[in-house]
Number of protein chains: 2
Amino acid sequence: MVNIKLSIEYDGTNYLGWQRQPQGVTIQEVLEDALNKITGETITVIGSGRTDSGVHAISQVANFKTESKITPLQFQRALNSVLPKDIIIKESAEVDLDFHAQLKSKSKIYLYRILNRGYPTALQRQRLWFIPDPLDVSNMAQAASMILGEHDFRAFALSGSTQTTVREILHVSLEKKVDALIEFEIESRGFLRGMIRLIVGTLVQVGNGRITKEDFREILESGEKKSFVYTAPPWGLFLKEVRY
Amino acid sequence: MVNIKLSIEYDGTNYLGWQRQPQGVTIQEVLEDALNKITGETITVIGSGRTDSGVHAISQVANFKTESKITPLQFQRALNSVLPKDIIIKESAEVDLDFHAQLKSKSKIYLYRILNRGYPTALQRQRLWFIPDPLDVSNMAQAASMILGEHDFRAFALSGSTQTTVREILHVSLEKKVDALIEFEIESRGFLRGMIRLIVGTLVQVGNGRITKEDFREILESGEKKSFVYTAPPWGLFLKEVRY
C-alpha cells in the first residue's frame with residue numbers, strides 16, 4: 001500500500017464545497033470517483049479541511065491510500081485527464097503511510113479578494129467580491145490587525161461549530177493592491193465554520209463606515225453577534241496554502 | 001443628439017464574438033438590446049472592430065448616438081445593471097458627433113496568453129491556452145520579431161479576408177512572465193481575419209520545434225500557408241486597448 005499526497009487547485013463555482021454530501025456534487029466526491037475509475041479501488045480522499053460551497057482553492061492538500069502500482073506522476077496525469085477542467089492536480093507525491101492531510105496540517109492560509117471601484121469586472125467576476133461603495137482600507141487594516149493572536153471567535157462563527165470557539169490567528173493582513181484590488185490574508189491552525197467570510201464581511205462594514213473600528217473590537221471581545229456581522233460571498237475566498 | 005463612447009470589458013466565452021449575426025448571441029446584440037431597453041430607441045452600437053467567437057476584451061471601444069438626455073455616467077450605471085455579468089462598461093463619455101469607434105481608431109493592441117507547464121490551471125482555464133510540451137521562448141520571440149513592420153500576411157489570414165493582405169505591425173513582443181505564463185502582444189492599425197491566432201499558433205510550432213525560425217520566416221515571406229500554420233484557440237486572446 002502507498003500513501004499519495006495531492007496538491008489541488010479548483011474553481012469552486014460549480015461545487016457544494018469540498019466535502020462529500022448527498023445534496024449535490026462536491027470536490028471530494030469527484031476526486032474519489034476519478035480515482036475509482038483509474039484504480040478500480042474504492043478510495044477515500046482525505047482533505048486538509050473543508051471549503052464551503054463556491055469557495056476556490058489555489059492549493060488544497062489531500063491524501064489517499066491505494067494498492068495500485070501507478071506512480072505519483074502517472075496519478076497526476078491520469079487524474080488531470082479524467083477530472084473536469086475546474087479541478088486540477090498541481091502536484092502528486094508519495095508520502096509516509098502516516099501522513100494525514102487533515103491531522104498533520106500545521107496551518108492554513110486563506111486569501112480573500114475584494115474589488116473596490118465604481119464598476120465591476122467581467123473577466124474576474126467569479127474570483128472576487130465587487131464592492132462599489134468607497135472603502136476606508138486603513139480602517140479595515142487596523143480592525144483586521146485586532147484579530148491577531150488568540151481570541152474567542154464565537155461572534156464570527158456559523159452555528160454548528162464545534163466545542164471551543166477559541167482560535168489563534170498566526171498572521172493577518174489587509175492591503176490595497178493594484179487595480180482597486182484589496183487582499184485579505186489570514187493564517188491559523190484551524191478556522192470555525194464561516195469564520196473567514198464573517199470576518200471579511202464585517203471588516204467591510206468598518207470600511208464603509210457602517211460600524212467603527214471600536215465596534216469591531218467590541219464584537220470580537222464580547223463575542224456577541226451584532227446585526228452588522230455580515231457574511232462575504234464565497235467567490236472571493238481562496239484556500240491558498242496548507243502548511244505541514 | 002449626443003454621441004457616447006463606451007469602454008467595454010467582456011468575457012467572450014459565451015458569445016459568438018462582437019458582431020451581430022443570426023447564428024447566435026453576440027456582444028453587439030446584447031449591448032444594443034440593453035440600450036434599447038434603457039432609452040426606448042433603436043440604437044446601433046459601432047465597435048472598433050470585431051472580435052471572434054470566444055475572444056475576450058479587456059477594453060473594447062464602441063460608440064452610439066442617442067436622443068436621450070441620460071448622462072454618460074448614468075448610461076454606465078444603467079448598462080451595468082441591465083447587462084449580463086460577463087459584459088461590463090468600464091467608462092462612458094460624451095464625445096464629438098464625428099467620433100466613430102471604428103473609423104477613427106489609430107491602432108489596436110491584442111494580448112495572447114499561454115500557460116506552459118506540465119499541468120493546466122482550474123482558476124484561469126478560460127483565460128489562456130494551456131500547452132504542456134516545453135516551448136523554447138527565445139526562438140518564439142525571435143520569430144515573433146520577424147513580423148514587425150509591413151508584410152503581406154496572407155499566410156496568416158483566414159479566407160474571406162478583404163482586398164489587400166498587407167498589414168503593418170507597429171509593435172510586437174513575446175515574453176516569459178511569472179508562473180509559466182508566456183505573453184504575446186501585438187499592435188497594428190488593423191488585422192486580417194484570424195491573423196493573430198494564426199501567428200500565435202504558428203509561433204508555438206516554432207517553440208515546440210516542429211518548425212524552425214527560418215521556416216517561420218519562409219511562411220511569412222512566401223505567403224504560402226503550410227500545413228503547420230496552426231490556429232491558437234480563442235480563449236487566450238484579449239483585445240487589450242484601442243488607440244485613437
# chains A, B, ... in the order shown; residues from 1 in each chain; ligands from 1
call {"tool": "closest_atom_pairs", "arguments": {"of": "chain A", "to": "chain B", "cutoff": "10 Å", "atoms": "only C-alpha atoms", "output": "tab-separated table"}}
result
residue	atom	partner	partner_atom	distance
A:Ile8	CA	B:Ala122	CA	9.3
A:Glu9	CA	B:Ala122	CA	6.1
A:Tyr10	CA	B:Ala122	CA	5.4
A:Asp11	CA	B:Leu123	CA	5.2
A:Gly12	CA	B:Leu123	CA	8.9
A:Thr13	CA	B:Leu123	CA	9.8
A:His56	CA	B:Leu123	CA	8.0
A:Ala57	CA	B:Leu123	CA	8.5
A:Ile58	CA	B:Leu123	CA	7.8
A:Gln76	CA	B:Tyr119	CA	8.4
A:Arg77	CA	B:Tyr119	CA	8.0
A:Asn80	CA	B:Tyr119	CA	7.6
A:Pro84	CA	B:Ala122	CA	9.1
A:Lys85	CA	B:Ala122	CA	6.0
A:Asp86	CA	B:Ala122	CA	4.5
A:Ile87	CA	B:Ala122	CA	5.6
A:Ile88	CA	B:Ala122	CA	5.7
A:Ile89	CA	B:Tyr119	CA	7.3
A:Lys90	CA	B:Tyr119	CA	6.3
A:Glu91	CA	B:Tyr119	CA	8.7
A:Gly118	CA	B:Lys90	CA	8.7
A:Tyr119	CA	B:Lys90	CA	6.3
A:Pro120	CA	B:Ile88	CA	6.8
A:Thr121	CA	B:Ile88	CA	6.3
A:Ala122	CA	B:Asp86	CA	4.5
A:Leu123	CA	B:Asp11	CA	5.2
A:Gln124	CA	B:Asp11	CA	8.7
A:Arg125	CA	B:Lys85	CA	7.4
A:Gln126	CA	B:Leu123	CA	9.4
A:Arg127	CA	B:Leu123	CA	8.2
call {"tool": "residues_around", "arguments": {"residues": "segment 199-213 of chain B", "least_positions_apart": "6", "cutoff": "6 Å", "atoms": "only C-alpha atoms", "output": "PyMOL selection string"}}
result
chain B and resi 135-136+140+143+229-232
call {"tool": "write_last_selection", "arguments": {"atoms": "C-alpha atoms", "output": "short mmCIF file (atom, residue, chain, number, x, y, z; two decimals), in the first residue's frame"}}
result
data_model
loop_
_atom_site.label_atom_id
_atom_site.label_comp_id
_atom_site.auth_asym_id
_atom_site.auth_seq_id
_atom_site.Cartn_x
_atom_site.Cartn_y
_atom_site.Cartn_z
CA LEU B 135 8.39 25.68 -25.52
CA ASP B 136 11.61 27.46 -26.50
CA MET B 140 9.48 32.07 -30.39
CA ALA B 143 10.39 34.50 -34.85
CA VAL B 229 0.27 27.07 -39.90
CA TYR B 230 -1.88 26.49 -36.85
CA THR B 231 -4.70 28.47 -35.21
CA ALA B 232 -4.43 29.15 -31.47
#
call {"tool": "residues_around", "arguments": {"residues": "Leu158 of chain B", "least_positions_apart": "2", "cutoff": "9 Å", "atoms": "only C-alpha atoms", "output": "VMD selection string"}}
result
chain B and resid 154 to 156 160 to 161 192 to 195 198
call {"tool": "residues_around", "arguments": {"residues": "Phe153 of chain A", "least_positions_apart": "4", "cutoff": "9 Å", "atoms": "only C-alpha atoms", "output": "list in words"}}
result
Ile147, Ala157, Thr165, Val166, Arg167, Leu192, Met195, Leu220, Glu221 and Gly223 of chain A
call {"tool": "select_by_dssp", "arguments": {"residues": "segment 125-230 of chain A", "states": "alpha helix (DSSP H)", "output": "JSON, numbers by chain"}}
result
{"A": [137, 138, 139, 140, 141, 142, 143, 144, 145, 195, 196, 197, 198, 199, 200, 201, 202, 203, 204, 205, 206, 207, 213, 214, 215, 216, 217, 218, 219, 220, 221, 222]}
call {"tool": "residues_around", "arguments": {"residues": "segment 94-103 of chain B", "least_positions_apart": "2", "cutoff": "12 Å", "atoms": "only C-alpha atoms", "output": "PyMOL selection string"}}
result
chain B and resi 1-7+44-50+60-66+69-76+91-92+105-108+189-190+242-244
call {"tool": "write_last_selection", "arguments": {"atoms": "N, CA and C atoms", "output": "short mmCIF file (atom, residue, chain, number, x, y, z; two decimals), in the first residue's frame"}}
result
data_model
loop_
_atom_site.label_atom_id
_atom_site.label_comp_id
_atom_site.auth_asym_id
_atom_site.auth_seq_id
_atom_site.Cartn_x
_atom_site.Cartn_y
_atom_site.Cartn_z
N MET B 1 -29.04 65.45 -30.33
CA MET B 1 -28.39 64.14 -30.39
C MET B 1 -26.99 64.20 -29.76
N VAL B 2 -26.65 63.16 -29.02
CA VAL B 2 -25.29 63.06 -28.46
C VAL B 2 -24.64 61.76 -28.92
N ASN B 3 -23.31 61.80 -28.86
CA ASN B 3 -22.51 60.63 -29.25
C ASN B 3 -21.81 60.13 -27.99
N ILE B 4 -22.03 58.89 -27.64
CA ILE B 4 -21.47 58.33 -26.40
C ILE B 4 -20.43 57.27 -26.76
N LYS B 5 -19.26 57.42 -26.12
CA LYS B 5 -18.17 56.46 -26.30
C LYS B 5 -18.12 55.54 -25.08
N LEU B 6 -18.05 54.25 -25.34
CA LEU B 6 -18.00 53.27 -24.25
C LEU B 6 -16.68 52.51 -24.28
N SER B 7 -16.16 52.20 -23.10
CA SER B 7 -15.06 51.26 -22.98
C SER B 7 -15.64 50.02 -22.32
N THR B 44 -27.84 51.68 -32.82
CA THR B 44 -26.77 50.87 -33.40
C THR B 44 -25.48 51.19 -32.67
N VAL B 45 -24.81 50.14 -32.19
CA VAL B 45 -23.54 50.32 -31.49
C VAL B 45 -22.42 50.00 -32.47
N ILE B 46 -21.48 50.95 -32.63
CA ILE B 46 -20.35 50.76 -33.54
C ILE B 46 -19.12 50.38 -32.72
N GLY B 47 -18.61 49.19 -32.97
CA GLY B 47 -17.39 48.75 -32.27
C GLY B 47 -16.15 49.15 -33.04
N SER B 48 -15.00 49.14 -32.36
CA SER B 48 -13.73 49.47 -33.03
C SER B 48 -13.40 48.43 -34.09
N GLY B 49 -13.98 47.26 -33.93
CA GLY B 49 -13.76 46.16 -34.85
C GLY B 49 -14.33 44.92 -34.23
N ARG B 50 -14.36 43.84 -35.04
CA ARG B 50 -14.91 42.61 -34.49
C ARG B 50 -13.90 41.89 -33.62
N GLN B 60 -12.54 46.91 -25.14
CA GLN B 60 -13.09 47.20 -26.47
C GLN B 60 -13.67 48.63 -26.40
N VAL B 61 -13.66 49.32 -27.53
CA VAL B 61 -14.27 50.66 -27.56
C VAL B 61 -15.41 50.66 -28.57
N ALA B 62 -16.48 51.35 -28.22
CA ALA B 62 -17.64 51.44 -29.10
C ALA B 62 -18.28 52.81 -28.93
N ASN B 63 -19.12 53.19 -29.88
CA ASN B 63 -19.89 54.42 -29.71
C ASN B 63 -21.30 54.25 -30.25
N PHE B 64 -22.19 55.11 -29.77
CA PHE B 64 -23.57 55.09 -30.27
C PHE B 64 -24.16 56.48 -30.15
N LYS B 65 -25.13 56.77 -31.00
CA LYS B 65 -25.78 58.07 -30.96
C LYS B 65 -27.20 57.92 -30.43
N THR B 66 -27.59 58.91 -29.64
CA THR B 66 -28.89 58.83 -28.99
C THR B 66 -29.50 60.22 -28.81
N LYS B 69 -31.59 62.02 -22.89
CA LYS B 69 -30.97 63.01 -22.00
C LYS B 69 -30.15 62.33 -20.89
N ILE B 70 -30.08 61.03 -20.95
CA ILE B 70 -29.33 60.28 -19.94
C ILE B 70 -27.85 60.67 -20.01
N THR B 71 -27.23 60.95 -18.85
CA THR B 71 -25.81 61.34 -18.86
C THR B 71 -24.92 60.11 -19.10
N PRO B 72 -23.67 60.35 -19.52
CA PRO B 72 -22.76 59.21 -19.73
C PRO B 72 -22.62 58.32 -18.48
N LEU B 73 -22.47 58.94 -17.32
CA LEU B 73 -22.33 58.16 -16.09
C LEU B 73 -23.58 57.33 -15.81
N GLN B 74 -24.74 57.96 -16.07
CA GLN B 74 -25.99 57.20 -15.90
C GLN B 74 -26.08 56.04 -16.89
N PHE B 75 -25.58 56.28 -18.11
CA PHE B 75 -25.55 55.18 -19.09
C PHE B 75 -24.70 54.02 -18.57
N GLN B 76 -23.52 54.38 -18.02
CA GLN B 76 -22.66 53.32 -17.50
C GLN B 76 -23.37 52.51 -16.42
N GLU B 91 -16.03 52.56 -18.86
CA GLU B 91 -16.07 54.01 -18.97
C GLU B 91 -17.15 54.40 -19.95
N SER B 92 -17.66 55.59 -19.76
CA SER B 92 -18.68 56.13 -20.65
C SER B 92 -18.47 57.63 -20.71
N SER B 105 -10.18 54.87 -35.17
CA SER B 105 -9.16 54.16 -34.39
C SER B 105 -7.82 54.22 -35.09
N LYS B 106 -6.75 54.47 -34.33
CA LYS B 106 -5.39 54.57 -34.89
C LYS B 106 -4.69 53.22 -34.85
N SER B 107 -4.89 52.49 -33.77
CA SER B 107 -4.31 51.14 -33.69
C SER B 107 -5.02 50.35 -32.60
N LYS B 108 -4.80 49.03 -32.68
CA LYS B 108 -5.35 48.14 -31.65
C LYS B 108 -4.23 47.28 -31.09
N ARG B 189 -2.64 48.89 -36.99
CA ARG B 189 -3.85 49.67 -37.30
C ARG B 189 -5.02 48.75 -37.61
N GLY B 190 -4.69 47.56 -38.13
CA GLY B 190 -5.76 46.61 -38.44
C GLY B 190 -5.19 45.22 -38.64
N VAL B 242 -7.65 49.99 -27.56
CA VAL B 242 -7.86 50.61 -28.87
C VAL B 242 -7.35 52.04 -28.74
N ARG B 243 -6.45 52.43 -29.65
CA ARG B 243 -5.89 53.78 -29.57
C ARG B 243 -6.54 54.69 -30.60
N TYR B 244 -6.73 55.96 -30.19
CA TYR B 244 -7.34 56.96 -31.08
C TYR B 244 -6.45 58.18 -31.21
#
call {"tool": "atom_distance", "arguments": {"atom1": "atom CA of Ser145 of chain B", "atom2": "atom CA of Trp18 of chain B"}}
result
28.9 Å
call {"tool": "residues_around", "arguments": {"residues": "Leu128 of chain B", "least_positions_apart": "6", "cutoff": "6 Å", "atoms": "only C-alpha atoms", "output": "MDAnalysis selection string"}}
result
chainID B and resid 113:114 235:236
call {"tool": "write_last_selection", "arguments": {"atoms": "C-alpha atoms", "output": "compact mmCIF listing (two decimals), in the first residue's frame"}}
result
# COMPACT_ATOMS: atom_id res chain seq x y z
CA ARG B 113 -1.66 34.35 -23.03
CA ILE B 114 -0.09 30.87 -23.00
CA TRP B 235 -9.84 31.78 -25.10
CA GLY B 236 -6.20 33.00 -24.81
call {"tool": "residues_around", "arguments": {"residues": "Gly24 of chain B", "least_positions_apart": "5", "cutoff": "12 Å", "atoms": "only C-alpha atoms", "output": "number ranges by chain"}}
result
B: 14-19, 29-30, 53
call {"tool": "atom_distance", "arguments": {"atom1": "atom CA of Phe184 of chain A", "atom2": "atom CA of Thr164 of chain A"}}
result
24.7 Å
call {"tool": "select_by_dssp", "arguments": {"residues": "segment 17-227 of chain B", "states": "strand (DSSP E or B)", "output": "PyMOL selection string"}}
result
chain B and resi 21+24+46-47+56-66+87-95+107-115+129-130+149-152+166-176+181-188
call {"tool": "write_last_selection", "arguments": {"atoms": "C-alpha atoms", "output": "tab-separated table (two decimals), in the first residue's frame"}}
result
chain	number	residue	atom	x	y	z
B	21	GLN	CA	-25.20	37.72	-36.57
B	24	GLY	CA	-26.24	33.17	-32.07
B	46	ILE	CA	-20.35	50.76	-33.54
B	47	GLY	CA	-17.39	48.75	-32.27
B	56	HIS	CA	-12.22	38.39	-24.70
B	57	ALA	CA	-11.84	42.14	-24.36
B	58	ILE	CA	-10.01	43.97	-21.58
B	59	SER	CA	-11.03	47.17	-23.29
B	60	GLN	CA	-13.09	47.20	-26.47
B	61	VAL	CA	-14.27	50.66	-27.56
B	62	ALA	CA	-17.64	51.44	-29.10
B	63	ASN	CA	-19.89	54.42	-29.71
B	64	PHE	CA	-23.57	55.09	-30.27
B	65	LYS	CA	-25.78	58.07	-30.96
B	66	THR	CA	-28.89	58.83	-28.99
B	87	ILE	CA	-20.15	42.30	-20.18
B	88	ILE	CA	-19.11	45.42	-18.22
B	89	ILE	CA	-18.97	49.10	-19.12
B	90	LYS	CA	-15.68	50.45	-17.71
B	91	GLU	CA	-16.07	54.01	-18.97
B	92	SER	CA	-18.68	56.13	-20.65
B	93	ALA	CA	-18.12	59.62	-22.04
B	94	GLU	CA	-19.76	62.09	-24.39
B	95	VAL	CA	-17.63	62.68	-27.49
B	107	SER	CA	-4.31	51.14	-33.69
B	108	LYS	CA	-5.35	48.14	-31.65
B	109	ILE	CA	-3.33	46.14	-29.15
B	110	TYR	CA	-4.08	42.48	-28.61
B	111	LEU	CA	-2.71	40.22	-25.89
B	112	TYR	CA	-2.38	36.43	-26.16
B	113	ARG	CA	-1.66	34.35	-23.03
B	114	ILE	CA	-0.09	30.87	-23.00
B	115	LEU	CA	0.43	28.70	-19.91
B	129	TRP	CA	-4.02	28.48	-23.83
B	130	PHE	CA	-2.52	25.58	-21.86
B	149	GLY	CA	6.90	46.33	-39.92
B	150	GLU	CA	4.97	45.90	-43.15
B	151	HIS	CA	4.36	42.41	-44.56
B	152	ASP	CA	1.89	40.54	-46.69
B	166	VAL	CA	-0.65	43.70	-46.37
B	167	ARG	CA	-0.58	44.98	-42.80
B	168	GLU	CA	1.90	46.95	-40.73
B	169	ILE	CA	2.83	45.67	-37.28
B	170	LEU	CA	3.70	48.67	-35.11
B	171	HIS	CA	4.83	46.71	-32.10
B	172	VAL	CA	5.25	43.05	-31.23
B	173	SER	CA	6.63	41.25	-28.17
B	174	LEU	CA	6.72	37.75	-26.77
B	175	GLU	CA	7.94	37.28	-23.22
B	176	LYS	CA	8.05	34.78	-20.42
B	181	LEU	CA	2.98	32.34	-18.40
B	182	ILE	CA	4.01	33.47	-21.88
B	183	GLU	CA	2.54	36.73	-23.13
B	184	PHE	CA	2.40	37.81	-26.75
B	185	GLU	CA	1.42	41.40	-27.57
B	186	ILE	CA	0.83	42.87	-30.97
B	187	GLU	CA	-0.17	46.33	-32.19
B	188	SER	CA	-1.40	47.29	-35.64
call {"tool": "atom_distance", "arguments": {"atom1": "atom CA of Leu83 of chain A", "atom2": "atom CA of Gln28 of chain A"}}
result
11.5 Å
